[in-house]
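Chemist: Shown below is the structure under consideration.
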Amino acid sequence: MAAPSASGPGYNFAVHLFERNAARAAKAAYVDDRGALTYGQLAEQAQRLAAALHAAGVRRDERVLLAMQDNNLWPVSFLGCLYGGVVPVAVNTLLTAGDYAYMLAHSRSQLVLTSPSCLPALREAMAQPHEVREVWVAHPDTPTDGTDLAARIAATAPQAQAATTAGDEPAFWLYSSGSTGRPKGTVHTQANLRHTAELYGDAVLGLTERDVCFSAAKLFFAYGLGNALTFPLWAGASVLLMAERPTPEAVFKCWTSGPGEKPTVFFGAPTGYAGMMASPALPARGAVALRMCSSAGEALPRELGERFAAHFGCDIIDGIGSTEMLHIFISNRPDEVHYGTTGKAVPGYTIELRGDDGRPVADGEVGDLYVGGPSAALMYWGNREKSRETFQGAWTKSGDKYVRNADGTYTYSGRSDDMLKVSGQYVSPFEVEATLAQHAAVLEAAVIGVPDAEGLVRAKAFVVLKPGHAAGTALEEELKNFVKTRLAPFKYPRQLEFIAELPKTATGKIQRFRLREREAAKAH
């Protein structure tokens with residue numbers, strides 16, 4: 001049967017997935033802490049969920065807040081919404097009541113699908129004005145938690161026909177991580193999921209039905225949604241889901257003993273890989289079945305990628321994506337890994353680096369990253385100013401600084417608002433951080449600009465040490481000299497402060513603006 005067209009009316013991503021996997025009805029699509037969910041069960045339960053939403057009075061195009069820990073009911077809920085033409089708004093499960101109150105009001109969600117751990121914050125949030133009619137809970141701890149989601153699904157007959165949706169119509173929202181300011185409701189289409197599956201999951205990662213995938217990034221993140229839903233389901237693979245935090249020890253347990261089969265593909269972030277490589281519980285190569293790992297969120301330091309590959313005999317495929325583009329658009333490839341770079345443009349995406357004058361910069365020069373491609377979001381909901389600033393015709397402004405190398409690879413130079421200008425020259429915080437991370441005593445580092453006595457910007461490094469290393473003046477000077485001998489002299493940090501941990505977003509990205517705020521407060 002010919003694949004349905006992603007453009008125009010009549011395209012529904014959930015239907016497309018179910019049809020692709022109809023012959024795999026008995027195969028495990030997901031395995032969580034409670035057991036397996038087959039492809040056949042996934043399709044049937046999603047169709048029941050769609051019918052249950054409509055029976056509850058949720059209409060086409062209305063929003064449903066999806067604040068749920070990773071478990072088998074998450075993909076059922078997400079795909080059930082898409083199947084029924086309802087718009088799931090996937091959000092972080094670790095937010096405050098204030099964040100949830102904002103998102104409920106902003107999205108005008110009619111119903112909430114959640115987990116018991118989120119209920120206290122959600123109940124506090126719902127003391128503020130909202131439009132929520134009901135709260136359905138995945139695996140409630142007590143009868144007072146709310147409507148049992150699994151029971152509601154089981155009690156409803158499947159919806160025979162999917163909503164007649166179009167490839168270009170709003171299908172789901174993802175909120176930006178909010179590293180600066182209020183999170184933005186990023187509106188994606190039915191077809192955008194397919195675009196990322198074809199262009200990245202299939203053409204770059206090369207996932208197959210033989211793979212078992214495990215993502216440390218949770219499903220509510222754009223990165224995690226691709227890793228643990230779009231790509232593996234497109235390929236007919238199996239997915240392991242873990243509700244708990246992906247600490248090194250929790251990840252190692254999944255790698256070596258399940259649930260289910262050992263994962264063959266792992267999706268993580270640089271912060272997580274650094275923590276794993278520093279852990280005394282690091283498993284031996286023979287204890288895992290990994291054939292490939294992925295990294296995104298921040299650029300992967302060369303030294304970290306090389307150490308991981310040497311230990312496990314398995315490369316980390318580093319790339320950059322964004323909530324606005326849904327997934328990765330520059331990436332290394334399994335057969336072409338250039339550690340220290342983000343790789344090359346993913347076929348189907350166009351990359352342009354522009355200077356302050358808006359014109360393309362030459363290879364070797366730092367520029368603002370613009371990306372063109374079919375998976376760009378439609379807009380930020382209710383935020384025309386930011387939408388126009390980010391979505392510029394065929395181009396999406398990423399907010400990242402990059403350098404294009406002569407071989408066509410791209411090297412990360414930091415966020416646009418994180419770049420420093422020292423002695424009239426741009427300094428990439430990431431370049432200095434990656435150099436510091438090569439020192440045996442350093443677990444991770446963050447670099448910001450601070451004014452010196454003359455008011456000129458100089459680099460300051462905040463350093464987290466590995467266990468067994470003590471902070472002190474001698475080590476401070478050693479680290480400064482370590483950077484000075486490896487980078488241009490003007491790039492080394494004039495100040496260095498040892499710190500217990502770095503401020504980060506829920507996605508693991510370093511919040512350098514928090515460090516800047518801290519320094520500004522000290523100055524006053």
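Residue names in the structure tokens use chain letters A, B, ... in the order shown, residue numbers from 1 in each chain, and ligand numbers from 1 in the order shown.
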Fewer than 6 positions away in the same chain doesn't count, so skip those; otherwise give me all residues within 10 Å of Ala250 (chain A), counting only C-alpha atoms, as a tab-separated table (two decimals) with N, CA and C atoms, in the first residue's frame.

Modeler:
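The result, written out as around.tsv:
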chain	number	residue	atom	x	y	z
A	216	ALA	N	17.10	8.68	27.84
A	216	ALA	CA	17.15	9.35	29.14
A	216	ALA	C	16.30	10.60	29.11
A	242	MET	N	11.19	4.42	31.39
A	242	MET	CA	11.56	4.44	32.80
A	242	MET	C	11.00	5.70	33.43
A	244	GLU	N	11.50	6.83	36.56
A	244	GLU	CA	12.39	7.50	37.50
A	244	GLU	C	13.40	8.40	36.79

Chemist: Which residues come within 9 Å of region 381-390 of chain A, counting only C-alpha atoms, excluding same-chain residues fewer than 5 positions away, as a list in words?

Modeler: His106, Ser107, Trp173, Lys184, Gly185, Thr186, Val187, Glu324, Trp395, Thr396, Lys397, Ser398 and Gly399 of chain A

Chemist: For those residues, write all heavy atoms to a file as a short mmCIF file (atom, residue, chain, number, x, y, z; two decimals), in the first residue's frame.

Modeler:
data_model
loop_
_atom_site.label_atom_id
_atom_site.label_comp_id
_atom_site.auth_asym_id
_atom_site.auth_seq_id
_atom_site.Cartn_x
_atom_site.Cartn_y
_atom_site.Cartn_z
N HIS A 106 -2.83 29.41 29.56
CA HIS A 106 -2.33 29.78 28.24
C HIS A 106 -2.86 28.84 27.16
O HIS A 106 -3.23 29.28 26.06
CB HIS A 106 -0.79 29.76 28.26
CG HIS A 106 -0.15 30.17 26.98
ND1 HIS A 106 0.60 29.31 26.22
CD2 HIS A 106 -0.16 31.35 26.30
CE1 HIS A 106 1.05 29.94 25.15
NE2 HIS A 106 0.60 31.18 25.17
N SER A 107 -2.91 27.55 27.45
CA SER A 107 -3.36 26.57 26.46
C SER A 107 -4.87 26.37 26.46
O SER A 107 -5.41 25.76 25.53
CB SER A 107 -2.69 25.22 26.71
OG SER A 107 -3.11 24.66 27.94
N TRP A 173 1.35 20.52 20.97
CA TRP A 173 2.22 21.60 21.45
C TRP A 173 3.33 21.01 22.30
O TRP A 173 3.15 20.01 23.00
CB TRP A 173 1.47 22.56 22.35
CG TRP A 173 0.38 23.38 21.77
CD1 TRP A 173 -0.26 23.21 20.58
CD2 TRP A 173 -0.22 24.52 22.40
NE1 TRP A 173 -1.23 24.17 20.43
CE2 TRP A 173 -1.23 24.98 21.54
CE3 TRP A 173 0.00 25.17 23.61
CZ2 TRP A 173 -2.02 26.09 21.85
CZ3 TRP A 173 -0.79 26.27 23.92
CH2 TRP A 173 -1.78 26.73 23.04
N LYS A 184 7.42 29.08 25.95
CA LYS A 184 6.59 29.43 24.80
C LYS A 184 5.91 28.18 24.26
O LYS A 184 6.56 27.15 24.05
CB LYS A 184 7.46 30.09 23.72
CG LYS A 184 8.12 31.39 24.19
CD LYS A 184 8.99 32.01 23.12
CE LYS A 184 10.30 31.26 22.92
NZ LYS A 184 11.21 31.34 24.08
N GLY A 185 4.61 28.27 24.02
CA GLY A 185 3.85 27.15 23.49
C GLY A 185 4.11 26.98 22.01
O GLY A 185 3.61 27.74 21.19
N THR A 186 4.91 25.97 21.67
CA THR A 186 5.37 25.78 20.29
C THR A 186 4.42 24.81 19.59
O THR A 186 4.27 23.67 20.01
CB THR A 186 6.80 25.22 20.29
OG1 THR A 186 7.61 26.02 21.16
CG2 THR A 186 7.39 25.22 18.90
N VAL A 187 3.79 25.28 18.52
CA VAL A 187 2.70 24.54 17.87
C VAL A 187 3.23 23.78 16.66
O VAL A 187 3.74 24.37 15.70
CB VAL A 187 1.58 25.50 17.42
CG1 VAL A 187 0.43 24.73 16.78
CG2 VAL A 187 1.08 26.32 18.62
N GLU A 324 11.64 24.20 18.37
CA GLU A 324 11.02 24.88 17.22
C GLU A 324 11.11 24.03 15.95
O GLU A 324 10.23 24.11 15.09
CB GLU A 324 11.70 26.23 17.00
CG GLU A 324 11.38 27.27 18.06
CD GLU A 324 12.13 27.05 19.38
OE1 GLU A 324 13.06 26.22 19.42
OE2 GLU A 324 11.78 27.71 20.37
N TRP A 395 12.90 30.41 7.03
CA TRP A 395 14.00 30.22 7.98
C TRP A 395 13.51 30.28 9.43
O TRP A 395 12.59 31.03 9.76
CB TRP A 395 15.06 31.31 7.79
CG TRP A 395 15.74 31.24 6.46
CD1 TRP A 395 15.46 32.00 5.36
CD2 TRP A 395 16.80 30.38 6.09
NE1 TRP A 395 16.28 31.65 4.33
CE2 TRP A 395 17.13 30.66 4.74
CE3 TRP A 395 17.53 29.39 6.77
CZ2 TRP A 395 18.14 30.00 4.06
CZ3 TRP A 395 18.53 28.72 6.09
CH2 TRP A 395 18.83 29.02 4.75
N THR A 396 14.16 29.51 10.27
CA THR A 396 13.96 29.57 11.71
C THR A 396 15.27 29.98 12.36
O THR A 396 16.30 29.34 12.14
CB THR A 396 13.52 28.19 12.27
OG1 THR A 396 12.28 27.82 11.66
CG2 THR A 396 13.34 28.25 13.78
N LYS A 397 15.22 31.05 13.15
CA LYS A 397 16.42 31.51 13.85
C LYS A 397 16.57 30.70 15.14
O LYS A 397 15.70 30.72 16.00
CB LYS A 397 16.31 33.00 14.18
CG LYS A 397 17.57 33.57 14.83
CD LYS A 397 17.42 35.07 15.08
CE LYS A 397 18.72 35.62 15.68
NZ LYS A 397 18.60 37.07 15.94
N SER A 398 17.69 30.00 15.26
CA SER A 398 17.83 29.04 16.36
C SER A 398 18.26 29.68 17.68
O SER A 398 18.01 29.13 18.74
CB SER A 398 18.84 27.96 15.98
OG SER A 398 20.16 28.44 16.09
N GLY A 399 18.95 30.83 17.60
CA GLY A 399 19.50 31.42 18.81
C GLY A 399 20.86 30.85 19.19
O GLY A 399 21.38 31.14 20.27
#

Chemist: Mind the document's chain letters and residue numbers, and return as a PDB file with N, CA, C and O atoms, in the first residue's frame the residues of region 118-187 of chain A that DSSP labels strand (DSSP E).

Modeler:
ATOM      1  N   GLU A 134     -11.925  17.711  33.649  1.00  0.00           N
ATOM      2  CA  GLU A 134     -11.634  16.484  34.387  1.00  0.00           C
ATOM      3  C   GLU A 134     -10.126  16.255  34.431  1.00  0.00           C
ATOM      4  O   GLU A 134      -9.380  16.767  33.588  1.00  0.00           O
ATOM      5  N   VAL A 135      -9.699  15.460  35.420  1.00  0.00           N
ATOM      6  CA  VAL A 135      -8.310  15.028  35.538  1.00  0.00           C
ATOM      7  C   VAL A 135      -8.302  13.506  35.526  1.00  0.00           C
ATOM      8  O   VAL A 135      -8.948  12.865  36.360  1.00  0.00           O
ATOM      9  N   TRP A 136      -7.584  12.917  34.568  1.00  0.00           N
ATOM     10  CA  TRP A 136      -7.467  11.462  34.465  1.00  0.00           C
ATOM     11  C   TRP A 136      -6.033  11.076  34.830  1.00  0.00           C
ATOM     12  O   TRP A 136      -5.069  11.678  34.309  1.00  0.00           O
ATOM     13  N   VAL A 137      -5.897  10.088  35.688  1.00  0.00           N
ATOM     14  CA  VAL A 137      -4.602   9.775  36.287  1.00  0.00           C
ATOM     15  C   VAL A 137      -4.118   8.394  35.859  1.00  0.00           C
ATOM     16  O   VAL A 137      -4.858   7.400  35.974  1.00  0.00           O
ATOM     17  N   THR A 147      -9.888  10.197  38.286  1.00  0.00           N
ATOM     18  CA  THR A 147     -10.331   9.149  37.374  1.00  0.00           C
ATOM     19  C   THR A 147      -9.150   8.291  36.930  1.00  0.00           C
ATOM     20  O   THR A 147      -8.116   8.808  36.506  1.00  0.00           O
ATOM     21  N   ASP A 148      -9.318   6.983  37.026  1.00  0.00           N
ATOM     22  CA  ASP A 148      -8.272   6.044  36.606  1.00  0.00           C
ATOM     23  C   ASP A 148      -8.230   6.027  35.074  1.00  0.00           C
ATOM     24  O   ASP A 148      -9.182   5.592  34.422  1.00  0.00           O
ATOM     25  N   PRO A 170      -2.492  22.264  13.156  1.00  0.00           N
ATOM     26  CA  PRO A 170      -1.932  22.074  14.499  1.00  0.00           C
ATOM     27  C   PRO A 170      -2.310  20.704  15.060  1.00  0.00           C
ATOM     28  O   PRO A 170      -3.480  20.309  15.009  1.00  0.00           O
ATOM     29  N   ALA A 171      -1.304  19.976  15.566  1.00  0.00           N
ATOM     30  CA  ALA A 171      -1.537  18.628  16.075  1.00  0.00           C
ATOM     31  C   ALA A 171      -1.146  18.486  17.539  1.00  0.00           C
ATOM     32  O   ALA A 171      -1.799  17.762  18.287  1.00  0.00           O
ATOM     33  N   PHE A 172      -0.078  19.157  17.958  1.00  0.00           N
ATOM     34  CA  PHE A 172       0.378  19.064  19.351  1.00  0.00           C
ATOM     35  C   PHE A 172       1.250  20.257  19.686  1.00  0.00           C
ATOM     36  O   PHE A 172       1.777  20.923  18.796  1.00  0.00           O
ATOM     37  N   TRP A 173       1.352  20.519  20.971  1.00  0.00           N
ATOM     38  CA  TRP A 173       2.217  21.597  21.451  1.00  0.00           C
ATOM     39  C   TRP A 173       3.329  21.010  22.304  1.00  0.00           C
ATOM     40  O   TRP A 173       3.149  20.012  23.003  1.00  0.00           O
ATOM     41  N   LEU A 174       4.465  21.688  22.269  1.00  0.00           N
ATOM     42  CA  LEU A 174       5.557  21.455  23.207  1.00  0.00           C
ATOM     43  C   LEU A 174       5.979  22.809  23.753  1.00  0.00           C
ATOM     44  O   LEU A 174       6.164  23.751  22.971  1.00  0.00           O
ATOM     45  N   TYR A 175       6.119  22.921  25.051  1.00  0.00           N
ATOM     46  CA  TYR A 175       6.600  24.180  25.613  1.00  0.00           C
ATOM     47  C   TYR A 175       8.119  24.207  25.603  1.00  0.00           C
ATOM     48  O   TYR A 175       8.770  23.207  25.927  1.00  0.00           O
ATOM     49  N   GLY A 185       4.612  28.275  24.022  1.00  0.00           N
ATOM     50  CA  GLY A 185       3.847  27.150  23.493  1.00  0.00           C
ATOM     51  C   GLY A 185       4.110  26.980  22.011  1.00  0.00           C
ATOM     52  O   GLY A 185       3.611  27.741  21.186  1.00  0.00           O
ATOM     53  N   THR A 186       4.913  25.973  21.668  1.00  0.00           N
ATOM     54  CA  THR A 186       5.366  25.776  20.292  1.00  0.00           C
ATOM     55  C   THR A 186       4.423  24.812  19.589  1.00  0.00           C
ATOM     56  O   THR A 186       4.273  23.665  20.012  1.00  0.00           O
ATOM     57  N   VAL A 187       3.790  25.282  18.519  1.00  0.00           N
ATOM     58  CA  VAL A 187       2.705  24.545  17.869  1.00  0.00           C
ATOM     59  C   VAL A 187       3.235  23.777  16.658  1.00  0.00           C
ATOM     60  O   VAL A 187       3.739  24.372  15.703  1.00  0.00           O
TER      61      VAL A 187
END

Chemist: Just asking: which residues within region 213-271 of chain A are helix (DSSP H, G or I) according to DSSP, as a ChimeraX atom specification?

Modeler: /A:222-235,248-257,270-271

Chemist: Quick check, in Å to one decimal: how far apart do CA of Thr256 (chain A) and CA of Ala237 (chain A) lie?

Modeler: 18.7 Å

Chemist: Considering only C-alpha atoms, state which residue in the set A:Ala25, A:Pro183, A:Gly98, A:Thr164 is at the smallest distance from Tyr380 (chain A).

Modeler: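 Under the stated criterion, the closest residue is A:Pro183.
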
Chemist: Go through A:Arg516, A:Pro360, A:Tyr349, A:Gln41 one by one, measure the shortest atom-to-atom distance of each to Gly372 (chain A) using only C-alpha atoms, and give the residue with the smallest value.

Modeler: A:Tyr349

Chemist: Hey, what's within 9 Å of His311 (chain A) if we count only C-alpha atoms and toss same-chain stuff fewer than 3 positions away? As a list of chain:residue names, please?

Modeler: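 Once the adjacent positions are removed, what remains is A:Ala284, A:Arg285, A:Glu306, A:Arg307, A:Phe308, A:Cys314.
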
Chemist: Would you export the selected residues with N, CA, C and O atoms as a PDB file, in the first residue's frame, please?

Modeler:
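Contents of result_17.pdb, freshly written:
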ATOM      1  N   ALA A 284      31.063  -2.650  32.336  1.00  0.00           N
ATOM      2  CA  ALA A 284      32.049  -3.056  31.344  1.00  0.00           C
ATOM      3  C   ALA A 284      31.401  -3.135  29.972  1.00  0.00           C
ATOM      4  O   ALA A 284      30.173  -3.257  29.840  1.00  0.00           O
ATOM      5  N   ARG A 285      32.222  -3.075  28.945  1.00  0.00           N
ATOM      6  CA  ARG A 285      31.712  -3.122  27.578  1.00  0.00           C
ATOM      7  C   ARG A 285      30.861  -4.370  27.339  1.00  0.00           C
ATOM      8  O   ARG A 285      29.803  -4.303  26.719  1.00  0.00           O
ATOM      9  N   GLU A 306      35.157  10.729  22.932  1.00  0.00           N
ATOM     10  CA  GLU A 306      36.237   9.781  22.652  1.00  0.00           C
ATOM     11  C   GLU A 306      36.419   8.793  23.800  1.00  0.00           C
ATOM     12  O   GLU A 306      36.658   7.603  23.566  1.00  0.00           O
ATOM     13  N   ARG A 307      36.301   9.264  25.044  1.00  0.00           N
ATOM     14  CA  ARG A 307      36.440   8.353  26.194  1.00  0.00           C
ATOM     15  C   ARG A 307      35.304   7.341  26.221  1.00  0.00           C
ATOM     16  O   ARG A 307      35.517   6.152  26.509  1.00  0.00           O
ATOM     17  N   PHE A 308      34.088   7.796  25.938  1.00  0.00           N
ATOM     18  CA  PHE A 308      32.943   6.887  25.929  1.00  0.00           C
ATOM     19  C   PHE A 308      33.116   5.827  24.843  1.00  0.00           C
ATOM     20  O   PHE A 308      32.902   4.627  25.081  1.00  0.00           O
ATOM     21  N   CYS A 314      31.447   2.003  21.148  1.00  0.00           N
ATOM     22  CA  CYS A 314      30.167   2.472  20.599  1.00  0.00           C
ATOM     23  C   CYS A 314      30.223   3.985  20.502  1.00  0.00           C
ATOM     24  O   CYS A 314      30.476   4.668  21.504  1.00  0.00           O
TER      25      CYS A 314
END

Chemist: Could you name the residues that touch Arg210 (chain A) at 9 Å or less, counting only C-alpha atoms, but leaving out those on the same chain fewer than 6 positions away, as a PyMOL selection string?

Modeler: chain A and resi 235-238+264

Chemist: Once you have the residues from the selection above, write them out as a PDB file, in the first residue's frame, restricted to C-alpha atoms.

Modeler:
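Written out: selection.pdb:
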ATOM      1  CA  ALA A 235      10.891   1.692  12.343  1.00  0.00           C
ATOM      2  CA  GLY A 236       8.824  -0.914  14.201  1.00  0.00           C
ATOM      3  CA  ALA A 237      11.367  -1.097  17.025  1.00  0.00           C
ATOM      4  CA  SER A 238      10.739  -1.614  20.754  1.00  0.00           C
ATOM      5  CA  THR A 264      20.739  -1.357  21.476  1.00  0.00           C
TER       6      THR A 264
END

Chemist: What does the distance between CA of Gly364 (chain A) and CA of Ala310 (chain A) come to in Å, to one decimal place?

Modeler: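 CA of Ala310 (chain A) lies 29.3 Å from CA of Gly364 (chain A).
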
Chemist: Can you list, as a VMD selection string, every protein, DNA or RNA residue that comes within 9 Å of Ala376 (chain A) when you count only C-alpha atoms, leaving out same-chain residues fewer than 6 positions away?

Modeler: chain A and resid 188 to 189 192 323 to 326 391 394 to 396

Chemist: I'd like the contact shell of region 336-339 of chain A - 9 Å cut-off, only C-alpha atoms, skipping same-chain residues fewer than 5 positions apart - returned as an mmCIF file with N, CA and C atoms, in the first residue's frame.

Modeler:
data_model
loop_
_atom_site.group_PDB
_atom_site.id
_atom_site.type_symbol
_atom_site.label_atom_id
_atom_site.label_comp_id
_atom_site.auth_asym_id
_atom_site.auth_seq_id
_atom_site.Cartn_x
_atom_site.Cartn_y
_atom_site.Cartn_z
ATOM 1 N N LEU A 300 28.529 18.120 22.521
ATOM 2 C CA LEU A 300 29.283 17.073 23.204
ATOM 3 C C LEU A 300 30.777 17.375 23.121
ATOM 4 N N PRO A 301 31.471 17.519 24.267
ATOM 5 C CA PRO A 301 32.923 17.748 24.218
ATOM 6 C C PRO A 301 33.656 16.578 23.566
ATOM 7 N N ARG A 302 34.653 16.885 22.778
ATOM 8 C CA ARG A 302 35.420 15.862 22.062
ATOM 9 C C ARG A 302 35.957 14.790 23.013
ATOM 10 N N GLU A 303 36.567 15.247 24.098
ATOM 11 C CA GLU A 303 37.214 14.314 25.019
ATOM 12 C C GLU A 303 36.211 13.338 25.606
ATOM 13 N N LEU A 304 34.999 13.816 25.919
ATOM 14 C CA LEU A 304 33.978 12.962 26.507
ATOM 15 C C LEU A 304 33.513 11.906 25.509
ATOM 16 N N GLY A 305 33.268 12.326 24.266
ATOM 17 C CA GLY A 305 32.847 11.380 23.244
ATOM 18 C C GLY A 305 33.904 10.322 22.977
ATOM 19 N N GLU A 306 35.157 10.729 22.932
ATOM 20 C CA GLU A 306 36.237 9.781 22.652
ATOM 21 C C GLU A 306 36.419 8.793 23.800
ATOM 22 N N ASP A 315 30.035 4.528 19.304
ATOM 23 C CA ASP A 315 30.118 5.975 19.127
ATOM 24 C C ASP A 315 28.879 6.682 19.658
ATOM 25 N N ILE A 316 29.073 7.943 20.043
ATOM 26 C CA ILE A 316 27.971 8.841 20.373
ATOM 27 C C ILE A 316 27.746 9.746 19.168
ATOM 28 N N ILE A 317 26.540 9.730 18.640
ATOM 29 C CA ILE A 317 26.190 10.545 17.475
ATOM 30 C C ILE A 317 25.647 11.871 17.990
ATOM 31 N N ASP A 318 26.473 12.905 17.977
ATOM 32 C CA ASP A 318 26.069 14.206 18.510
ATOM 33 C C ASP A 318 25.355 15.015 17.437
ATOM 34 N N SER A 331 23.896 16.967 12.362
ATOM 35 C CA SER A 331 24.247 15.775 13.124
ATOM 36 C C SER A 331 25.471 15.076 12.551
ATOM 37 N N THR A 409 31.542 20.344 8.275
ATOM 38 C CA THR A 409 31.017 20.131 9.621
ATOM 39 C C THR A 409 30.822 21.476 10.305
#

Chemist: Write out as a PyMOL selection string which residues come within 10 Å of Thr156 (chain A) when counting only C-alpha atoms, dropping same-chain ones fewer than 6 positions away.

Modeler: chain A and resi 45+47-53+55

Chemist: Report the distance between CA of Ala138 (chain A) and CA of Leu193 (chain A) in Å, rounded to one decimal place.

Modeler: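 About the pair CA of Ala138 (chain A) and CA of Leu193 (chain A): they are 24.6 Å apart.
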
Chemist: A:Lys504, A:Arg24, A:Ser109, A:Phe18: which is nearest Val58 (chain A), counting only C-alpha atoms?

Modeler: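 Checking each candidate against Val58 (chain A), we get A:Ser109 as the closest.
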
Chemist: I need the residue nearest Leu369 (chain A) from this list: A:Lys344, A:Arg404, A:His195, A:Lys522. Use only C-alpha atoms for the distance.

Modeler: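 Ranking A:Lys344, A:Arg404, A:His195, A:Lys522 by distance to Leu369 (chain A), first place goes to A:Arg404.
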
Chemist: Can you work out which one of A:Thr485, A:Gly260, A:Ala269, A:Leu443 has the shortest atom-to-atom distance to Thr247 (chain A), counting only C-alpha atoms?

Modeler: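 For Thr247 (chain A), the nearest of the candidates is A:Ala269.
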